[in-house]
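target_38.txt follows; it contains compact mmCIF, C-alpha atoms.
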# COMPACT_ATOMS: atom_id res chain seq x y z
CA MET A 142 69.10 -56.00 94.12
CA PHE A 143 66.71 -55.98 91.20
CA SER A 144 65.50 -59.11 89.45
CA GLN A 145 66.38 -59.61 85.80
CA SER A 146 62.85 -58.60 84.85
CA GLU A 147 63.15 -55.37 86.85
CA VAL A 148 66.54 -54.62 85.32
CA GLU A 149 64.98 -54.91 81.88
CA GLN A 150 61.97 -52.78 82.82
CA TYR A 151 64.08 -50.00 84.37
CA ARG A 152 67.01 -50.24 81.95
CA ARG A 153 66.63 -46.67 80.63
CA HIS A 154 66.71 -45.37 84.19
CA LEU A 155 69.62 -47.57 85.22
CA SER A 156 71.72 -46.36 82.29
CA LEU A 157 70.82 -42.71 82.81
CA GLU A 158 73.75 -40.67 84.07
CA GLY A 159 72.76 -38.68 87.13
CA PHE A 160 70.01 -41.17 88.00
CA GLY A 161 71.12 -44.80 87.69
CA GLN A 162 70.76 -47.59 90.20
CA PRO A 163 71.00 -45.41 93.36
CA ALA A 164 67.93 -43.37 92.36
CA GLN A 165 66.07 -46.44 91.14
CA GLU A 166 66.63 -48.16 94.47
CA LYS A 167 65.27 -45.10 96.28
CA LEU A 168 62.12 -45.32 94.15
CA ALA A 169 61.75 -49.01 94.99
CA ARG A 170 61.81 -48.15 98.71
CA SER A 171 59.39 -45.23 98.33
CA SER A 172 55.65 -44.87 98.83
CA VAL A 173 53.21 -42.34 97.40
CA LEU A 174 49.50 -41.76 98.03
CA VAL A 175 47.67 -40.42 94.99
CA ILE A 176 44.43 -38.73 95.98
CA GLY A 177 42.03 -38.77 93.06
CA ALA A 178 42.21 -41.08 90.03
CA GLY A 179 40.89 -38.48 87.60
CA GLY A 180 42.40 -36.27 84.93
CA LEU A 181 45.55 -35.51 86.94
CA GLY A 182 45.73 -38.78 88.82
CA CYS A 183 45.59 -41.03 85.75
CA PRO A 184 48.79 -39.83 84.02
CA ALA A 185 50.61 -39.35 87.33
CA LEU A 186 49.75 -42.91 88.36
CA GLN A 187 50.89 -44.35 85.04
CA TYR A 188 54.30 -42.73 85.19
CA LEU A 189 54.89 -43.39 88.89
CA THR A 190 53.97 -47.02 88.30
CA ALA A 191 56.19 -47.34 85.23
CA ALA A 192 59.04 -45.61 87.08
CA GLY A 193 58.99 -48.22 89.83
CA VAL A 194 57.74 -46.44 92.96
CA GLY A 195 57.61 -49.34 95.40
CA LYS A 196 54.20 -48.68 96.96
CA ILE A 197 51.40 -46.61 95.47
CA GLY A 198 48.06 -45.92 97.12
CA ILE A 199 45.04 -44.79 95.09
CA ILE A 200 42.15 -43.24 96.96
CA ASP A 201 38.97 -42.27 95.11
CA ASP A 202 35.31 -42.94 95.85
CA ASP A 203 33.97 -42.10 92.37
CA LEU A 204 32.72 -44.38 89.63
CA VAL A 205 33.90 -44.10 86.03
CA GLU A 206 31.57 -41.94 83.94
CA LEU A 207 31.38 -41.57 80.17
CA SER A 208 32.38 -37.89 80.42
CA ASN A 209 35.63 -38.93 82.13
CA LEU A 210 36.99 -40.69 79.06
CA GLN A 211 37.89 -37.43 77.29
CA ARG A 212 40.88 -37.03 79.64
CA GLN A 213 41.08 -39.91 82.15
CA ILE A 214 43.09 -42.25 79.98
CA LEU A 215 43.27 -45.23 82.32
CA PHE A 216 39.60 -46.00 81.65
CA THR A 217 37.58 -47.33 78.72
CA HIS A 218 33.90 -47.63 77.80
CA GLU A 219 33.90 -51.06 79.43
CA ASP A 220 34.80 -49.45 82.78
CA VAL A 221 31.83 -47.05 82.95
CA GLY A 222 30.00 -47.57 86.24
CA LYS A 223 32.97 -49.29 87.95
CA PRO A 224 34.99 -47.86 90.88
CA LYS A 225 37.85 -45.72 89.62
CA ALA A 226 40.32 -46.79 92.31
CA GLU A 227 39.81 -50.48 91.61
CA VAL A 228 39.91 -50.17 87.81
CA ALA A 229 43.06 -48.05 88.01
CA SER A 230 44.74 -50.52 90.36
CA GLN A 231 44.02 -53.45 88.06
CA ALA A 232 45.29 -51.64 84.96
CA LEU A 233 48.46 -50.39 86.68
CA SER A 234 49.29 -53.83 88.09
CA LYS A 235 49.59 -55.03 84.49
CA LEU A 236 51.97 -52.18 83.70
CA ASN A 237 54.35 -53.06 86.55
CA PRO A 238 53.93 -56.29 88.55
CA HIS A 239 57.05 -55.54 90.61
CA ILE A 240 55.45 -52.91 92.85
CA LYS A 241 52.60 -52.84 95.37
CA ILE A 242 49.43 -50.98 94.41
CA ILE A 243 46.65 -50.50 96.96
CA SER A 244 43.22 -49.10 96.12
CA TYR A 245 40.96 -47.32 98.62
CA ARG A 246 37.36 -46.94 97.53
CA GLU A 247 36.67 -44.03 99.83
CA ARG A 248 37.09 -40.28 99.95
CA PHE A 249 40.06 -38.68 101.66
CA SER A 250 38.64 -37.13 104.83
CA GLN A 251 39.29 -35.97 108.37
CA LYS A 252 38.62 -39.50 109.59
CA ASN A 253 41.13 -41.38 107.45
CA ALA A 254 43.80 -38.69 106.90
CA GLU A 255 46.12 -39.69 109.76
CA ARG A 256 45.84 -43.41 109.02
CA LEU A 257 46.63 -42.96 105.35
CA LEU A 258 49.41 -40.43 105.69
CA ASP A 259 51.09 -42.63 108.26
CA GLU A 260 51.51 -45.29 105.54
CA TYR A 261 52.98 -43.09 102.77
CA GLN A 262 55.97 -40.79 102.40
CA MET A 263 54.35 -38.34 100.03
CA VAL A 264 50.99 -37.21 98.71
CA LEU A 265 50.12 -36.32 95.12
CA ASP A 266 46.95 -34.24 94.94
CA GLY A 267 44.81 -35.07 91.92
CA THR A 268 41.58 -33.57 93.23
CA ASP A 269 39.45 -30.99 91.44
CA ASN A 270 37.97 -28.74 94.16
CA PHE A 271 39.19 -26.26 96.73
CA SER A 272 37.67 -28.00 99.74
CA SER A 273 39.72 -31.15 99.13
CA ARG A 274 42.88 -29.17 98.39
CA TYR A 275 42.75 -27.34 101.71
CA LEU A 276 42.02 -30.53 103.61
CA ILE A 277 44.92 -32.34 101.91
CA ASN A 278 47.28 -29.42 102.49
CA ASP A 279 46.40 -29.12 106.16
CA ALA A 280 46.74 -32.88 106.68
CA CYS A 281 50.19 -32.84 105.06
CA VAL A 282 51.27 -29.96 107.29
CA LEU A 283 49.83 -31.60 110.40
CA TYR A 284 51.46 -34.96 109.69
CA ASN A 285 54.66 -33.61 108.09
CA THR A 286 54.16 -35.00 104.59
CA VAL A 287 55.39 -33.55 101.29
CA LEU A 288 52.57 -32.53 98.93
CA ILE A 289 52.81 -32.48 95.14
CA HIS A 290 50.15 -30.08 93.88
CA GLY A 291 48.61 -29.76 90.44
CA SER A 292 45.48 -27.97 89.29
CA ILE A 293 43.84 -27.15 85.98
CA ASN A 294 41.27 -24.74 84.62
CA ARG A 295 40.05 -24.75 81.02
CA PHE A 296 43.31 -24.29 79.06
CA GLU A 297 45.60 -23.47 81.99
CA GLY A 298 47.40 -25.39 84.71
CA MET A 299 49.82 -25.05 87.58
CA VAL A 300 52.24 -27.27 89.50
CA SER A 301 54.13 -26.82 92.77
CA VAL A 302 55.71 -28.75 95.64
CA PHE A 303 54.42 -27.87 99.11
CA ASN A 304 55.59 -28.60 102.63
CA PHE A 305 59.06 -29.67 101.46
CA GLN A 306 61.89 -28.94 103.91
CA ASN A 307 59.94 -26.17 105.64
CA GLY A 308 59.07 -24.60 102.29
CA PRO A 309 55.75 -22.95 101.43
CA THR A 310 52.39 -24.67 101.83
CA TYR A 311 49.26 -24.30 99.73
CA ARG A 312 48.00 -21.71 102.23
CA CYS A 313 51.05 -19.54 101.50
CA MET A 314 49.56 -19.11 98.03
CA PHE A 315 45.85 -19.07 98.92
CA PRO A 316 45.45 -18.46 102.68
CA ASP A 317 41.72 -19.21 102.88
CA CYS A 318 39.33 -21.45 101.01
CA PRO A 319 36.92 -19.49 98.78
CA ASP A 320 33.19 -19.97 99.05
CA PRO A 321 32.33 -22.95 96.77
CA SER A 322 29.41 -20.94 95.38
CA THR A 323 31.87 -18.42 93.87
CA VAL A 324 33.89 -21.02 91.97
CA PRO A 325 32.73 -22.66 88.72
CA THR A 326 32.14 -26.39 89.00
CA CYS A 327 34.14 -28.84 86.90
CA ALA A 328 31.28 -29.30 84.45
CA GLU A 329 30.76 -25.54 84.08
CA ALA A 330 34.39 -24.54 83.55
CA GLY A 331 35.41 -27.43 81.31
CA VAL A 332 38.98 -28.46 80.49
CA ILE A 333 40.85 -29.36 77.33
CA GLY A 334 41.58 -33.11 77.52
CA VAL A 335 45.33 -32.96 76.90
CA LEU A 336 46.01 -30.46 79.71
CA PRO A 337 45.60 -32.75 82.75
CA GLY A 338 47.90 -35.23 81.01
CA LEU A 339 50.64 -32.61 80.87
CA ILE A 340 50.14 -31.34 84.42
CA GLY A 341 49.81 -34.88 85.82
CA CYS A 342 53.09 -35.88 84.16
CA TRP A 343 54.82 -32.88 85.69
CA GLN A 344 53.42 -33.87 89.08
CA ALA A 345 54.87 -37.35 88.62
CA TRP A 346 58.27 -35.89 87.74
CA GLU A 347 58.26 -33.60 90.78
CA THR A 348 57.38 -36.64 92.90
CA ILE A 349 60.30 -38.60 91.46
CA LYS A 350 62.67 -35.66 92.02
CA VAL A 351 61.74 -35.39 95.70
CA LEU A 352 61.92 -39.15 96.27
CA THR A 353 65.31 -39.59 94.60
CA GLY A 354 67.00 -36.25 95.34
CA VAL A 355 67.62 -35.78 91.61
CA GLY A 356 67.11 -32.26 90.27
CA GLU A 357 65.54 -29.25 91.94
CA PRO A 358 61.92 -29.61 93.09
CA LEU A 359 59.39 -26.82 92.55
CA SER A 360 59.42 -25.86 96.22
CA GLY A 361 59.03 -22.12 96.70
CA LYS A 362 58.03 -21.82 93.06
CA VAL A 363 54.75 -22.17 91.19
CA LEU A 364 54.89 -23.24 87.55
CA LEU A 365 52.08 -21.66 85.51
CA TYR A 366 51.26 -23.08 82.09
CA ASP A 367 49.08 -21.69 79.31
CA SER A 368 48.36 -24.39 76.75
CA LEU A 369 46.86 -22.02 74.18
CA SER A 370 50.05 -20.01 73.78
CA GLN A 371 52.42 -22.79 74.93
CA THR A 372 53.96 -20.46 77.50
CA MET A 373 55.23 -21.17 81.00
CA LYS A 374 56.18 -18.92 83.86
CA LYS A 375 57.57 -19.59 87.33
CA VAL A 376 56.37 -17.41 90.20
CA ALA A 377 58.29 -17.31 93.49
CA LEU A 378 56.36 -18.20 96.64
CA LYS A 379 57.59 -17.38 100.13
CA PRO A 380 56.86 -19.57 103.18
CA LEU A 381 54.61 -17.95 105.77
CA PRO A 382 54.91 -19.13 109.39
CA GLN A 383 51.17 -18.74 109.98
CA SER A 384 50.43 -21.25 107.22
CA ARG A 385 51.81 -23.99 109.48
CA GLN A 386 49.58 -23.17 112.42
CA ILE A 387 47.32 -26.17 111.81
CA SER A 388 45.74 -27.80 114.85
CA SER A 389 42.73 -29.49 113.25
CA LEU A 390 41.51 -30.44 109.81
CA PRO A 391 38.76 -28.51 107.98
CA GLU A 392 35.41 -29.98 107.08
CA LEU A 393 35.13 -31.44 103.60
CA SER A 394 32.40 -29.89 101.47
CA PRO A 395 30.40 -31.84 98.85
CA SER A 396 32.18 -33.05 95.72
CA CYS A 397 32.82 -30.83 92.74
CA SER A 398 29.71 -31.91 90.92
CA GLN A 399 27.63 -31.14 94.01
CA GLN A 400 29.01 -27.70 94.87
CA ASN A 401 26.41 -25.03 95.45
CA THR A 402 25.92 -22.78 92.45
CA MET A 403 23.08 -20.64 93.80
CA ASN A 404 25.23 -17.49 93.92
CA PRO A 405 26.70 -17.17 90.43
CA GLU A 406 27.07 -13.39 90.60
CA ASN A 407 30.10 -13.76 92.86
CA LYS A 408 31.99 -16.10 90.56
CA ILE A 409 35.08 -14.93 88.72
CA GLY A 410 33.88 -13.83 85.31
CA GLU A 411 35.74 -14.65 82.10
CA LEU A 412 35.88 -11.57 79.91
CA SER A 413 36.59 -11.22 76.19
CA ILE A 414 38.41 -8.22 74.74
CA GLU A 415 35.19 -6.92 73.20
CA GLU A 416 33.37 -7.23 76.53
CA LEU A 417 36.16 -5.34 78.27
CA GLU A 418 35.85 -2.46 75.81
CA GLN A 419 32.11 -2.32 76.44
CA MET A 420 32.70 -2.21 80.21
CA MET A 421 35.31 0.54 79.80
CA ALA A 422 32.78 2.62 77.86
CA MET A 423 29.88 2.08 80.24
CA ASP A 424 31.43 1.73 83.72
CA THR A 425 33.16 4.97 84.77
CA SER A 426 34.35 3.37 88.04
CA LEU A 427 35.81 0.26 86.36
CA GLN A 428 39.15 -0.86 87.79
CA ILE A 429 41.71 -2.62 85.59
CA LEU A 430 44.72 -4.38 87.11
CA ASP A 431 47.84 -5.50 85.24
CA VAL A 432 49.69 -8.35 87.05
CA ARG A 433 52.55 -8.71 84.54
CA GLU A 434 56.17 -7.87 85.28
CA ASP A 435 57.58 -4.35 84.90
CA TRP A 436 59.38 -5.13 81.63
CA GLU A 437 56.18 -6.49 80.08
CA ARG A 438 54.22 -3.39 81.02
CA ASN A 439 56.93 -1.18 79.56
CA LEU A 440 56.29 -2.78 76.16
CA ASP A 441 52.49 -2.41 76.06
CA LYS A 442 49.65 -1.81 78.47
CA ILE A 443 45.92 -1.17 78.67
CA SER A 444 45.29 2.40 79.76
CA PRO A 445 44.22 3.39 82.28
CA SER A 446 45.16 0.49 84.55
CA HIS A 447 46.75 -0.21 87.92
CA HIS A 448 49.89 -2.35 88.11
CA ILE A 449 50.86 -4.93 90.72
CA PRO A 450 53.10 -7.81 89.50
CA LEU A 451 51.65 -11.19 90.45
CA GLY A 452 54.45 -12.03 92.89
CA ASN A 453 53.92 -8.75 94.76
CA LEU A 454 50.17 -9.26 94.73
CA MET A 455 50.43 -12.78 96.18
CA GLU A 456 52.72 -11.51 98.92
CA SER A 457 50.29 -8.70 99.75
CA VAL A 458 47.39 -11.15 99.96
CA SER A 459 49.25 -13.64 102.11
CA GLN A 460 50.69 -10.95 104.42
CA SER A 461 47.37 -9.07 104.63
CA TYR A 462 48.91 -5.90 103.20
CA PRO A 463 46.31 -3.36 102.04
CA ILE A 464 45.61 -3.36 98.31
CA GLU A 465 44.50 0.08 97.11
CA LEU A 466 41.60 -1.12 95.03
CA SER A 467 37.91 -1.21 95.86
CA LYS A 468 36.55 -4.61 96.81
CA GLU A 469 33.05 -3.58 95.76
CA GLN A 470 33.62 -2.09 92.30
CA ASN A 471 34.19 -4.14 89.15
CA LEU A 472 37.82 -5.23 88.80
CA VAL A 473 39.24 -6.66 85.56
CA VAL A 474 42.61 -8.41 85.92
CA TYR A 475 44.88 -9.08 82.96
CA CYS A 476 48.30 -10.56 82.16
CA LYS A 477 49.82 -11.83 78.92
CA ALA A 478 47.36 -14.61 78.13
CA GLY A 479 44.99 -15.11 81.07
CA VAL A 480 46.94 -17.56 83.27
CA ARG A 481 48.51 -15.31 85.89
CA SER A 482 45.44 -13.07 85.95
CA ARG A 483 43.18 -16.02 86.81
CA MET A 484 45.50 -16.91 89.67
CA ALA A 485 45.41 -13.28 90.84
CA CYS A 486 41.60 -13.27 90.75
CA GLN A 487 41.47 -16.39 92.91
CA ALA A 488 43.83 -14.80 95.44
CA LEU A 489 41.87 -11.54 95.53
CA GLN A 490 38.66 -13.50 95.99
CA THR A 491 39.99 -14.98 99.24
CA ILE A 492 40.33 -11.50 100.78
CA GLY A 493 36.87 -10.27 99.87
CA PHE A 494 36.97 -8.90 96.33
CA LYS A 495 33.51 -9.57 94.91
CA ASN A 496 33.22 -8.36 91.32
CA LEU A 497 36.22 -9.97 89.65
CA TYR A 498 36.76 -10.53 85.94
CA ASN A 499 39.63 -12.35 84.27
CA LEU A 500 40.61 -11.08 80.81
CA SER A 501 40.77 -14.51 79.19
CA GLN A 502 42.95 -13.58 76.20
CA GLY A 503 45.07 -11.10 78.12
CA MET A 504 47.36 -8.55 76.53
CA ASP A 505 47.93 -10.88 73.58
CA GLY A 506 44.24 -10.71 72.71
CA TRP A 507 44.09 -6.95 73.23
CA LEU A 508 47.03 -6.34 70.89
CA HIS A 509 45.72 -8.79 68.30
CA LEU A 510 42.31 -7.13 68.16
CA HIS A 511 43.65 -3.59 67.93
CA GLN A 512 46.22 -4.56 65.34
CA SER A 513 43.48 -6.12 63.23
CA LEU A 514 41.35 -2.98 63.56
CA SER A 515 44.20 -0.69 62.52
CA GLU A 516 44.97 -2.86 59.47
CA SER A 517 41.32 -2.74 58.35
CA GLU A 518 41.12 1.05 58.51
As structure tokens, how would this structure be written, given the file I've shared?
Amino acid sequence: MFSQSEVEQYRRHLSLEGFGQPAQEKLARSSVLVIGAGGLGCPALQYLTAAGVGKIGIIDDDLVELSNLQRQILFTHEDVGKPKAEVASQALSKLNPHIKIISYRERFSQKNAERLLDEYQMVLDGTDNFSSRYLINDACVLYNTVLIHGSINRFEGMVSVFNFQNGPTYRCMFPDCPDPSTVPTCAEAGVIGVLPGLIGCWQAWETIKVLTGVGEPLSGKVLLYDSLSQTMKKVALKPLPQSRQISSLPELSPSCSQQNTMNPENKIGELSIEELEQMMAMDTSLQILDVREDWERNLDKISPSHHIPLGNLMESVSQSYPIELSKEQNLVVYCKAGVRSRMACQALQTIGFKNLYNLSQGMDGWLHLHQSLSESE
């Protein structure tokens, strides 16, 4: 039974048809470990706390920095230099005194993974680098824990639920961790401040859905979001048996800010429409790949270009099917607005494609530019 104070705090949940007291009681008995109290972790933590998840763990070894305040809304100027996990725990305890919040001022690692996952039903990944994501995924598979994934890049984000009822894992989407030297660091890539708030909130909602059994979780589906065009797309993801063959946990590489950047030529390039046209004029062996759906390509396309819808491409990568494109020659990937194409580039990178370029503005940008040119003639 809830106290009178809890009834008042959760009143909108308790009166919500299809949720009500049964779901609220499930939340009260639940436990979630949030790994990373950053851009994704902050909003997710706020809503899980407000919703009444009975036990929340926060693990993060970072200190609050001034550059965090643009998006990590749990912190203020007064918190700069203080441990994120501890500051977050104190702030959240004021939001909901009826639940238990535990802070861990350490980094999630091989050494503490089993101990921590043994204490929590679910994991919400709020980290910002591939090394941590693969470690967290493999730990969740090894110790049979549901994983709520979210990631962001510049103006784009994605959300999915992994390892739920024998559903897909993170390695079903990206089988192998890319070389850190080929991936832009957090500081280099940048991110619009509102975006992690949106993705983190969606992670919190997926967590609540799994914990309460309300709604349909994003298991077997990846939600892709482009904030510039306010468009969303869901891509199906199939479970692969080999993704569960985890016997040990991978080594954790240095943090995002410390990743090696000595090999920038192998990073995924971001290409403007004008730059693409220059490449098309100068590079006779240039490859262009369209990862949109058939119906989209039937409306408009960049010619000449190859066509593999993103879902088919992801399946080919995960199943090690041959992709009839050169791994050595320049390859520009495009979709509608740059979200799916970035995801395709990351997948292709894991199987050895070296000279990858994402058309940032996608087909929308291509059509806009050429329409403007035709109107000016």
Exercise. Contacts of A:Arg152 at 12 Å or less, counting all atoms listed in the file, minus same-chain residues fewer than 4 places along, as number ranges by chain?
Worked result: A: 143-148, 156-158, 160-162, 165, 191-193
Kindly save the residues from that selection, with C-alpha atoms included, as an mmCIF file, keeping the file's coordinate frame.
data_model
loop_
_atom_site.group_PDB
_atom_site.id
_atom_site.type_symbol
_atom_site.label_atom_id
_atom_site.label_comp_id
_atom_site.auth_asym_id
_atom_site.auth_seq_id
_atom_site.Cartn_x
_atom_site.Cartn_y
_atom_site.Cartn_z
ATOM 1 C CA PHE A 143 66.710 -55.980 91.200
ATOM 2 C CA SER A 144 65.500 -59.110 89.450
ATOM 3 C CA GLN A 145 66.380 -59.610 85.800
ATOM 4 C CA SER A 146 62.850 -58.600 84.850
ATOM 5 C CA GLU A 147 63.150 -55.370 86.850
ATOM 6 C CA VAL A 148 66.540 -54.620 85.320
ATOM 7 C CA SER A 156 71.720 -46.360 82.290
ATOM 8 C CA LEU A 157 70.820 -42.710 82.810
ATOM 9 C CA GLU A 158 73.750 -40.670 84.070
ATOM 10 C CA PHE A 160 70.010 -41.170 88.000
ATOM 11 C CA GLY A 161 71.120 -44.800 87.690
ATOM 12 C CA GLN A 162 70.760 -47.590 90.200
ATOM 13 C CA GLN A 165 66.070 -46.440 91.140
ATOM 14 C CA ALA A 191 56.190 -47.340 85.230
ATOM 15 C CA ALA A 192 59.040 -45.610 87.080
ATOM 16 C CA GLY A 193 58.990 -48.220 89.830
#
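Atom CA of A:Cys486 is found 10.3 Å from atom CA of A:Leu454.
Distance-wise, atom CA of A:Lys468 and atom CA of A:Met314 end up 19.5 Å apart.
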Exercise. Which of these, A:Leu207, A:Leu168, A:Leu236, A:Leu258, has the shortest distance to A:Asn278 once you count all atoms listed in the file?
Worked result: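 Nearest candidate to A:Asn278 out of A:Leu207, A:Leu168, A:Leu236, A:Leu258: A:Leu258.
If all atoms listed in the file are the atoms counted, then among A:Ala226, A:Leu430, A:Leu412, A:Ile242 the closest residue to A:Lys196 is A:Ile242.
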For this session: Between atom CA of A:Trp343 and atom CA of A:Tyr475, measure the distance and give it in Å to one decimal.
Result: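 Value for the atom CA of A:Trp343-atom CA of A:Tyr475 distance: 25.9 Å.
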Problem set entry | Distance criterion (only C-alpha atoms): nearest to A:Leu390 out of A:Ser413, A:Thr353, A:Ser250, A:Ser457 |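 Closest to A:Leu390 of all the choices is A:Ser250.
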With all atoms listed in the file as the counted atoms, please give the residues lying no more than 9 Å from A:Ala345, apart from itself and same-chain residues fewer than 3 positions off, as an mmCIF file with C-alpha atoms, keeping the file's coordinate frame.
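Below is the file that was written, around35.cif:
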data_model
loop_
_atom_site.group_PDB
_atom_site.id
_atom_site.type_symbol
_atom_site.label_atom_id
_atom_site.label_comp_id
_atom_site.auth_asym_id
_atom_site.auth_seq_id
_atom_site.Cartn_x
_atom_site.Cartn_y
_atom_site.Cartn_z
ATOM 1 C CA PRO A 184 48.790 -39.830 84.020
ATOM 2 C CA ALA A 185 50.610 -39.350 87.330
ATOM 3 C CA LEU A 186 49.750 -42.910 88.360
ATOM 4 C CA GLN A 187 50.890 -44.350 85.040
ATOM 5 C CA TYR A 188 54.300 -42.730 85.190
ATOM 6 C CA LEU A 189 54.890 -43.390 88.890
ATOM 7 C CA LEU A 265 50.120 -36.320 95.120
ATOM 8 C CA ILE A 289 52.810 -32.480 95.140
ATOM 9 C CA ILE A 340 50.140 -31.340 84.420
ATOM 10 C CA GLY A 341 49.810 -34.880 85.820
ATOM 11 C CA CYS A 342 53.090 -35.880 84.160
ATOM 12 C CA THR A 348 57.380 -36.640 92.900
ATOM 13 C CA ILE A 349 60.300 -38.600 91.460
ATOM 14 C CA LYS A 350 62.670 -35.660 92.020
#
